[in-house]
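Here is my_file-v8.cif, consisting of mmCIF, C-alpha atoms:
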data_final
#
loop_
_atom_site.label_atom_id
_atom_site.label_comp_id
_atom_site.auth_asym_id
_atom_site.auth_seq_id
_atom_site.Cartn_x
_atom_site.Cartn_y
_atom_site.Cartn_z
CA ALA A 1 89.71 83.22 94.38
CA GLU A 2 89.06 85.59 91.46
CA LEU A 3 91.13 88.36 93.05
CA THR A 4 93.93 85.89 93.76
CA ALA A 5 93.98 84.88 90.09
CA GLN A 6 94.00 88.53 88.96
CA PHE A 7 96.86 89.35 91.31
CA ARG A 8 98.88 86.45 89.95
CA GLN A 9 98.10 87.48 86.36
CA LEU A 10 98.72 91.24 86.76
CA LYS A 11 101.71 91.20 89.11
CA PRO A 12 104.19 90.78 86.19
CA CYS A 13 102.76 93.99 84.65
CA VAL A 14 103.93 96.06 87.64
CA VAL A 15 107.47 97.26 88.34
CA THR A 16 109.31 99.21 91.00
CA ILE A 17 110.72 102.55 89.83
CA ARG A 18 113.99 103.72 91.41
CA SER A 19 115.49 107.17 91.03
CA GLU A 20 117.84 109.55 92.79
CA ILE A 21 114.97 110.84 94.93
CA GLY A 22 113.57 107.50 96.10
CA HIS A 23 111.35 104.75 94.76
CA GLY A 24 107.80 104.26 93.58
CA THR A 25 105.75 102.01 91.35
CA GLY A 26 105.02 101.89 87.63
CA PHE A 27 103.15 99.67 85.21
CA ILE A 28 103.93 98.42 81.72
CA MET A 29 101.69 99.87 79.01
CA ASP A 30 103.00 97.64 76.23
CA ARG A 31 105.75 95.13 75.52
CA SER A 32 107.80 97.75 73.68
CA GLY A 33 108.86 98.92 77.14
CA LEU A 34 106.66 101.96 77.77
CA ILE A 35 105.97 102.34 81.49
CA LEU A 36 103.57 104.77 83.14
CA THR A 37 104.19 106.27 86.59
CA ASN A 38 103.86 109.52 88.55
CA GLN A 39 106.13 112.36 87.53
CA HIS A 40 107.05 113.05 91.15
CA VAL A 41 108.51 109.54 91.48
CA VAL A 42 111.35 110.45 89.11
CA GLY A 43 111.35 114.27 89.26
CA PRO A 44 114.56 115.78 87.83
CA SER A 45 116.53 112.59 88.45
CA GLU A 46 119.10 111.61 85.83
CA TYR A 47 119.25 108.10 87.24
CA ILE A 48 116.08 106.09 86.58
CA ALA A 49 115.82 102.32 86.84
CA VAL A 50 113.06 99.75 86.57
CA GLN A 51 113.19 96.78 88.94
CA PHE A 52 111.13 93.72 88.05
CA ASP A 53 111.96 91.53 91.03
CA ALA A 54 114.65 91.05 93.68
CA ARG A 55 117.26 90.05 91.08
CA ARG A 56 116.51 92.01 87.92
CA LYS A 57 116.79 95.75 87.37
CA VAL A 58 117.56 97.75 84.20
CA ALA A 59 118.10 101.40 83.29
CA ALA A 60 115.21 103.47 82.00
CA GLU A 61 114.75 106.88 80.43
CA MET A 62 111.90 109.37 80.62
CA LEU A 63 110.25 110.06 77.26
CA ALA A 64 107.47 112.43 78.27
CA SER A 65 105.95 113.93 81.39
CA ASP A 66 103.31 116.36 82.59
CA PRO A 67 104.20 117.71 86.05
CA ALA A 68 100.84 119.49 86.35
CA LYS A 69 99.00 116.18 86.01
CA ASP A 70 101.80 114.24 87.75
CA VAL A 71 102.22 111.62 85.03
CA ALA A 72 105.33 110.41 83.24
CA VAL A 73 106.14 107.79 80.62
CA LEU A 74 109.41 105.86 80.90
CA TRP A 75 111.07 103.53 78.43
CA ALA A 76 113.04 100.44 79.38
CA ASN A 77 114.36 97.35 77.66
CA LEU A 78 112.17 94.48 78.87
CA ALA A 79 114.31 91.72 77.32
CA PRO A 80 115.58 90.59 80.76
CA PHE A 81 111.94 90.23 81.89
CA PRO A 82 110.44 87.72 79.43
CA GLU A 83 107.44 87.10 81.69
CA ALA A 84 106.54 90.81 81.85
CA CYS A 85 103.04 91.67 80.64
CA ALA A 86 101.21 94.82 79.57
CA VAL A 87 98.14 96.12 81.36
CA THR A 88 94.81 96.88 79.72
CA ILE A 89 93.92 100.55 80.11
CA ALA A 90 90.23 101.34 80.51
CA GLU A 91 88.98 103.54 77.70
CA PRO A 92 86.32 106.19 78.44
CA LYS A 93 83.02 106.16 76.60
CA GLY A 94 82.15 109.72 75.70
CA ASP A 95 82.26 112.03 78.70
CA GLN A 96 81.70 109.24 81.20
CA ALA A 97 84.48 108.39 83.66
CA VAL A 98 85.96 104.91 83.44
CA VAL A 99 85.05 104.28 87.07
CA VAL A 100 82.02 105.07 89.25
CA GLU A 101 81.56 105.76 92.94
CA GLY A 102 81.09 102.62 94.98
CA GLU A 103 83.01 100.45 92.50
CA ARG A 104 85.50 97.99 93.95
CA VAL A 105 89.14 98.58 93.01
CA PHE A 106 92.57 97.24 93.88
CA THR A 107 96.17 98.20 93.38
CA ILE A 108 99.54 96.46 93.19
CA GLY A 109 102.54 98.44 94.37
CA SER A 110 105.80 98.52 96.27
CA PRO A 111 105.13 100.51 99.45
CA LEU A 112 107.77 101.13 102.09
CA SER A 113 110.31 98.28 101.86
CA LEU A 114 107.91 95.77 100.29
CA GLU A 115 107.73 94.61 96.68
CA LYS A 116 104.51 94.20 94.70
CA ILE A 117 101.79 93.78 97.28
CA LEU A 118 98.02 93.88 96.80
CA THR A 119 95.59 96.26 98.53
CA THR A 120 91.87 96.61 97.87
CA GLY A 121 89.13 99.19 98.45
CA VAL A 122 86.26 101.08 96.84
CA VAL A 123 85.94 104.31 94.89
CA SER A 124 84.67 106.95 97.33
CA LYS A 125 84.41 109.87 94.90
CA VAL A 126 85.17 110.63 91.25
CA GLU A 127 86.36 114.17 90.63
CA ALA A 128 87.34 116.00 87.45
CA HIS A 129 90.98 114.96 87.54
CA ARG A 130 91.28 112.44 90.33
CA ILE A 131 89.63 109.54 92.10
CA VAL A 132 89.26 109.43 95.89
CA SER A 133 89.38 105.92 97.36
CA ASP A 134 89.87 104.12 100.65
CA VAL A 135 92.41 101.76 99.07
CA ASN A 136 95.46 101.76 101.33
CA ILE A 137 98.54 103.34 99.73
CA ASN A 138 101.83 104.28 101.34
CA PRO A 139 105.11 105.88 100.21
CA GLY A 140 106.35 103.70 97.36
CA ASN A 141 102.84 103.04 96.01
CA SER A 142 102.98 106.28 93.99
CA GLY A 143 102.77 105.63 90.26
CA GLY A 144 101.09 102.27 90.58
CA PRO A 145 97.98 101.08 88.73
CA LEU A 146 94.49 101.24 90.18
CA PHE A 147 92.53 98.34 88.68
CA ASN A 148 88.78 97.79 88.41
CA VAL A 149 87.32 94.33 88.98
CA ALA A 150 87.84 93.54 85.29
CA GLY A 151 91.58 94.06 85.73
CA GLN A 152 91.65 97.28 83.68
CA VAL A 153 93.68 100.30 84.81
CA VAL A 154 91.41 103.19 85.79
CA GLY A 155 93.93 105.39 87.60
CA ILE A 156 97.44 105.99 88.94
CA THR A 157 97.83 105.80 92.73
CA THR A 158 99.41 109.09 93.72
CA PHE A 159 99.09 110.21 97.35
CA SER A 160 97.45 109.59 100.70
CA GLU A 161 96.01 112.05 103.18
CA GLN A 162 95.99 111.08 106.83
CA GLY A 163 93.71 112.73 109.37
CA ASP A 164 94.06 112.93 113.12
CA ALA A 165 92.03 109.74 113.39
CA GLY A 166 91.06 106.98 111.02
CA PRO A 167 92.88 105.44 108.05
CA GLY A 168 92.72 108.53 105.81
CA ILE A 169 92.01 108.60 102.07
CA SER A 170 93.96 107.94 98.91
CA GLY A 171 94.18 110.19 95.86
CA VAL A 172 94.42 108.60 92.43
CA VAL A 173 95.06 110.39 89.12
CA ARG A 174 92.37 109.40 86.65
CA ILE A 175 93.85 107.37 83.81
CA GLU A 176 92.30 109.81 81.33
CA GLU A 177 94.85 112.38 82.57
CA ALA A 178 97.67 110.27 81.10
CA ALA A 179 96.32 110.39 77.55
CA GLY A 180 98.26 113.56 76.77
CA VAL A 181 101.68 112.02 77.44
CA ARG A 182 101.22 108.61 75.88
CA ALA A 183 101.26 109.79 72.25
CA PRO A 184 104.29 112.15 72.64
CA ALA A 185 106.18 109.35 74.37
CA ARG A 186 105.58 106.96 71.47
CA ALA A 187 106.73 109.64 69.04
CA LYS A 188 110.06 109.93 70.87
CA MET A 189 110.85 106.22 70.72
CA THR A 190 114.06 105.68 68.78
CA ASP A 191 115.37 102.45 67.28
CA ALA A 192 116.13 100.86 70.64
CA PRO A 193 115.33 101.51 74.29
CA ALA A 194 117.85 101.69 77.10
CA ARG A 195 120.37 98.89 77.44
CA ALA A 196 119.20 95.47 78.60
CA GLN A 197 122.23 95.08 80.87
CA LEU A 198 121.20 94.19 84.39
CA LEU A 199 122.04 96.68 87.12
CA PRO A 200 122.84 95.73 90.71
CA ALA A 201 119.53 95.23 92.50
CA GLU A 202 118.83 96.68 95.92
CA PRO A 203 119.25 94.12 98.71
CA THR A 204 116.01 92.83 100.13
CA ALA A 205 117.34 91.19 103.28
CA THR A 206 118.09 93.05 106.49
CA LEU A 207 121.71 92.76 107.52
CA PRO A 208 122.33 91.18 110.93
CA PHE A 209 123.55 93.36 113.75
CA ALA A 210 127.29 93.34 114.32
CA THR A 211 128.46 91.51 117.42
#
For this file, write the structure as structure tokens.
Amino acid sequence: AELTAQFRQLKPCVVTIRSEIGHGTGFIMDRSGLILTNQHVVGPSEYIAVQFDARRKVAAEMLASDPAKDVAVLWANLAPFPEACAVTIAEPKGDQAVVVEGERVFTIGSPLSLEKILTTGVVSKVEAHRIVSDVNINPGNSGGPLFNVAGQVVGITTFSEQGDAGPGISGVVRIEEAAGVRAPARAKMTDAPARAQLLPAEPTATLPFAT
């Protein structure tokens, strides 16, 4: 019941990122329109869009990125998404990581052809720059938020590694790695973000076969 309530509360904080090279996930850092995702989701693409649901999508621009850490900050006009919310980012205390091994976590993302689904797991290992987890992520999940049980973002879901047998593991960029791009992104904010004009949204229904 608690996880169901958190999913309902946090789902409007998550968006689908679309670019010339595919799609991924992102999450809203604040209501000014700053959105955090993986750098590889957008890459060198000149076309970047943020899709909130099946009907609403707007243009976005990249303000700052760090390819080495695979993080990027986008900026979009959230006016067409009045119900959008901002996540709470877990803040480290001293040198301690914001998450510990064995801790339960969950993510919300848009894998494959799905939009904003929930998957859960535990933290298997905390490394210097990433978190290893058994939370199930697939193509399209990249750039999404990894939440702790308090609903705070502790990482950015980035990749999965599949073995010859078994479900494989998921790699998550520690949220601390994004600290270096958040301040430069805010410094580049001009008077107004990208236009609020709605773009055509990708169809969600499968077309019937021709007869």
Apply the PyMOL selection byres ((chain A and resi 135) around 8) to the displayed file and report the matching residues as a PyMOL selection string.
chain A and resi 105-107+119-122+133-134+136-137+169-170
Name the residues in contact with Asp30 of chain A at a cut-off of 10 Å, using only C-alpha atoms, excluding same-chain residues fewer than 5 positions from it; report them as a PyMOL selection string.
chain A and resi 13+35-36+84-88
Which residues would end up in the selection if the PyMOL selection byres ((chain A and resi 148) around 8) were applied here, given that I need the answer as a VMD selection string?
chain A and resid 99 103 to 106 146 to 147 149 to 154
Got a sec: who's within 8 Å of segment 56-69 of chain A, counting all atoms listed in the file, leaving out chain neighbours fewer than 5 positions off, as JSON, numbers by chain?
{"A": [39, 40, 47, 48, 49, 50, 51, 74, 75, 76, 77, 80, 81, 173, 177, 178, 181, 182, 184, 185, 188, 189, 193, 194, 195, 196, 197, 198, 199, 200, 201]}
Can you list what the PyMOL selection byres ((chain A and resi 24) around 6) grabs from this structure, as a ChimeraX atom specification?
/A:16-17,23,25,41,140-142
Find the distance between atom CA of Arg55 of chain A and atom CA of Gly155 of chain A and write it in Å to one decimal.
28.1 Å
Using all atoms listed in the file, can you list as a VMD selection string the residues within 7 Å of (92.4, 104.5, 79.5)?
chain A and resid 89 to 92 153 to 154 175 to 176
Please measure the separation of atom CA of Ser160 of chain A and atom CA of Asp70 of chain A, giving the value in Å to one decimal.
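According to the coordinates, atom CA of Ser160 of chain A and atom CA of Asp70 of chain A are separated by 14.4 Å.
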Measure the distance from atom CA of Ser19 of chain A to atom CA of Arg31 of chain A in Å and round it to one decimal.
21.9 Å
